[in-house]
Amino acid sequence: MKKNTVQERKIENKSFLSKIEPFLYLLPFLIGLVVFTLYPVINVVLISFKEGYSHLSRNFTEWGLGNYETVLADPRFGQAISNTIKYVLLVVPISTCLSIVIANLLNQKLRFSALFQTAYFLPMVTSITAVGLAWKLMYNKNFGIINYLLSFFGVDKIPWLENAQWSIPALVIFGIWNILPFTIILLLSGLQNIDPLYYTAAKVDGSSSLRIFFRITIPLLAPTIFLVCIINTISCFKVFSELYPLFNGKPGPFNNLYTVVYYIRYAMMENRKYGIAAAAAIILFMFIFVFTMVQHFIQNRTRR
Amino acid sequence: MKQKVTRFLVYLFLIIGGLIMLLPFFWMFSSAFKTTQEINKFPPQWLPSSISLVNFQRAFAMAPFARYFVNSILVMVSSVGITTFTTILAAFAFSKLHFPGRSLIFSMLLALMMIPFEMLIITNYSTVVQLKLWDTIPALILPFTSSIFYTYILKNFFDSISDSLYWSARIDGSSNWRYLWKVMVPIARPSLTTIILLNGLASWNSFMWPMYVIASDKNRTLPWGLQVFTTEAGSYPELLMAASTVVVFPVIILFFFCRKYIVRGVARGGLKG
């Protein structure tokens with residue numbers, strides 16, 4: 001009799017334990033997620049609507065759209081948005097076009113293909129801010145290797161980092177170099193998914209390789225190309241770490257290169273206006289949200 | 001003949017492109033060994049006249065780079081260790097255990113994945129200050145203990161392991177815990193390697209968050225310490241390049257050995273910075 005109840009209790013215990021067991025497995029993950037992702041998301045939305053928010057006392061005067069009005073009226077934020085969009089519009093198309101060509105060449109049977117891959121993929125793993133210092137040295141107007149190499153083509157010394165007009169191309173070239181590996185890798189995996197039968201058929205028909213490239217490769221690669229453009233647009237919207245080392249932590253030689261993330265940092269650390277920073281972060285998220293939706297739309301369509 | 005010419009042009013293009021991609025690394029390493037005179041020469045000198053470690057010694061004497069290095073290793077090891085642990089447990093629960101709301105919670109997590117870290121900084125900064133962790137090493141580790149992205153990768157891999165294996169082990173009396181560590185984790189080794197490598201790289205290169213929360217010299221990690229060093233060593237680019245080499249070189253060596261794992265992970269969904 002006694003034995004029986006003990007066993008029953010055991011089973012009952014077991015069933016209770018097996019009910020909560022999944023949550024014990026999730027617990028460590030969920031703690032970090034709730035404290036450092038879920039709560040901050042909700043909180044940043046709330047702060048963005050709190051007018052006159054003080055981060056020390058956590059007091060605020062009233063709820064409203066005041067922070068958004070301030071941000072949108074701030075010429076510095078206007079500059080940040082326009083610089084960010086300029087950066088996206090330059091980096092994304094150029095890096096995508098270059099990557100399509102390079103990925104196609106790397107996709108052939110090559111000697112030393114491991115060596116080529118290492119060379120083209122390396123910028124992906126190294127610290128942007130550390131390599132940025134090397135770029136800063138290369139961009140140097142008087143002693144820089146870039147102006148030296150350009151001098152062979154009859155180009156005069158360019159003040160890459162000292163001049164407001166040249167600072168954007170300097171940032172964009174560095175940005176392209178930095179994003180190229182990721183873009184090439186995604187396109188390469190897209191290329192490897194194309195059925196080789198198409199190419200065999202085209203070769204039997206005697207099509208030229210240029211024709212094959214435009215009539216077969218590009219159309220079949222189109223979904224991957226779109227996908228890459230969207231992902232790169234999102235990551236370029238967050239441009240910050242590329243900018244920091246080039247100009248000693250300042251946004252451009254004359255504070256002319258504010259980007260959205262730089263603006264958030266400025267509002268938070270220099271002005272101590274968390275409400276403003278939150279509103280700017282929400283606006284950044286809106287852009288990212290739209291592009292993410294487009295990404296999902298494309299992914300769902302191509303899967304069908 | 002025509003084919004040979006195109007073949008030659010392909011190689012020429014790839015080699016020139018590859019050299020351009022590698023130029024910043026070459027310039028960093030070569031400058032790290034130059035003297036002040038050599039680095040300020042025009043036309044620039046491609047290689048240093050002699051190889052000596054004096055720039056490294058001077059950089060390490062001017063700023064506590066050894067300390068930064070130890071901090072970076074410490075943050076990387078603990079952050080990767082904790083994250084891998086939480087990821088394995090969560091991925092297992094989402095893949096093999098049954099509980100109400102499982103798929104709902106998981107799709108909510110996927111939606112959360114698009115939130116940029118830049119948006120979380122404002123609150124996380126305050127949280128770290130409140131927890132009295134501002135300007136401490138744990139502040140660099142704690143916010144990154146749960147990763148939706150890595151959990152997603154590992155869950156996908158766990159999903160591909162047949163359920164019949166799971167049930168037969170359970171009927172044989174194996175507990176979930178035992179099954180996870182004795183069967184699932186060893187099978188998932190390739191996926192785990194990718195996750196650990198991506199996570200380690202992200203931690204090693206992390207710059208923005210340390211910039212926000214670390215103020216004192218003794219708690220800085222390499223990338224942030226390096227940027228602070230630019231103000232002291234601004235007029236000695238050769239010292240800066242020596243210090244940058246310390247940040248970049250270990251990663252390059254790692255990439256030589258683990259390229260396939262890293263590339264595979266990146267192709268699957270990107271490198272989170």
# chains A, B, ... in the order shown; residues from 1 in each chain; ligands from 1
>>> closest_atom_pairs(of="chain B", to="chain A", cutoff="6 Å", atoms="only C-alpha atoms", output="CSV")
residue,atom,partner,partner_atom,distance
B:Gly18,CA,A:Ala119,CA,5.4
B:Pro24,CA,A:Ala134,CA,5.9
B:Met28,CA,A:Ala134,CA,5.4
B:Asn40,CA,A:Phe143,CA,5.9
B:Phe42,CA,A:Phe143,CA,5.4
B:Thr86,CA,A:Phe29,CA,5.0
B:Leu89,CA,A:Tyr25,CA,5.1
B:Ala90,CA,A:Leu26,CA,4.9
B:Ala93,CA,A:Pro22,CA,5.6
B:Met119,CA,A:Ala281,CA,5.2
B:Leu120,CA,A:Pro40,CA,5.3
B:Thr123,CA,A:Pro40,CA,5.1
B:Pro143,CA,A:Phe36,CA,5.5
B:Thr145,CA,A:Gly32,CA,5.9
B:Ser146,CA,A:Phe29,CA,5.2
B:Asn205,CA,A:Ser127,CA,4.8
B:Ser244,CA,A:Ala130,CA,5.3
B:Val248,CA,A:Thr126,CA,5.7
B:Ala267,CA,A:Leu186,CA,5.4
>>> select_by_dssp(residues="stretch 36-114 of chain A", states="alpha helix (DSSP H)", output="compact mmCIF listing (two decimals) with C-alpha atoms, in the first residue's frame")
# COMPACT_ATOMS: atom_id res chain seq x y z
CA TYR A 39 11.76 45.59 -22.03
CA PRO A 40 14.07 48.05 -23.87
CA VAL A 41 11.89 47.89 -26.98
CA ILE A 42 8.77 48.80 -25.02
CA ASN A 43 10.60 51.35 -22.92
CA VAL A 44 12.14 53.19 -25.88
CA VAL A 45 8.70 53.56 -27.45
CA LEU A 46 7.34 54.97 -24.19
CA ILE A 47 10.27 57.35 -23.66
CA SER A 48 9.88 58.68 -27.18
CA GLY A 66 6.98 66.78 -28.72
CA ASN A 67 10.15 64.72 -29.10
CA TYR A 68 9.26 63.78 -32.65
CA GLU A 69 8.49 67.41 -33.48
CA THR A 70 11.84 68.48 -32.05
CA VAL A 71 13.75 65.78 -33.91
CA LEU A 72 12.07 66.43 -37.23
CA ALA A 73 12.60 70.19 -36.89
CA PRO A 75 18.43 70.70 -38.96
CA ARG A 76 21.09 68.33 -37.60
CA PHE A 77 18.66 65.43 -37.90
CA GLY A 78 17.69 66.54 -41.40
CA GLN A 79 21.37 66.44 -42.24
CA ALA A 80 21.65 63.00 -40.64
CA ILE A 81 18.77 61.59 -42.68
CA SER A 82 20.04 63.08 -45.91
CA ASN A 83 23.60 61.78 -45.31
CA THR A 84 22.31 58.34 -44.38
CA ILE A 85 20.12 58.10 -47.49
CA LYS A 86 22.99 59.36 -49.66
CA TYR A 87 25.23 56.69 -48.13
CA VAL A 88 22.66 53.95 -48.75
CA LEU A 89 22.01 55.07 -52.33
CA LEU A 90 25.72 55.06 -53.13
CA VAL A 91 26.96 52.01 -51.24
CA VAL A 92 24.16 49.54 -51.96
CA PRO A 93 23.97 49.74 -55.79
CA ILE A 94 27.71 50.02 -56.35
CA SER A 95 28.59 47.16 -54.00
CA THR A 96 25.84 44.98 -55.49
CA CYS A 97 27.02 45.52 -59.09
CA LEU A 98 30.64 44.86 -58.17
CA SER A 99 29.64 41.78 -56.20
CA ILE A 100 27.60 40.30 -59.07
CA VAL A 101 30.67 40.44 -61.30
CA ILE A 102 33.08 39.14 -58.65
CA ALA A 103 30.73 36.37 -57.49
CA ASN A 104 30.33 35.18 -61.07
CA LEU A 105 34.07 35.05 -61.57
CA LEU A 106 34.66 33.32 -58.23
CA SER A 113 40.20 29.60 -55.29
CA ALA A 114 40.78 29.34 -51.51
>>> residues_around(residues="B:Val128", least_positions_apart="2", cutoff="10 Å", atoms="only C-alpha atoms", output="ChimeraX atom specification")
/A:36 /B:123-126,130-136,138-140,142-143,213
>>> residues_around(residues="B:Leu240", least_positions_apart="2", cutoff="12 Å", atoms="only C-alpha atoms", output="ChimeraX atom specification")
/A:129-137,245 /B:28-29,31-34,36,39,55-60,62-63,65,223,225-238,242-247
>>> closest_residue(among="B:Gly200, B:Pro250, B:Pro210, B:Gly101", to="B:Met76", atoms="only C-alpha atoms")
B:Gly200
>>> residues_around(residues="stretch 250-253 of chain A", least_positions_apart="3", cutoff="10 Å", atoms="only C-alpha atoms", output="number ranges by chain")
A: 80, 160-168, 171, 240, 243-247, 256-259, 262-263
>>> atom_distance(atom1="atom CA of A:Gln299", atom2="atom CA of B:Thr151")
20.5 Å
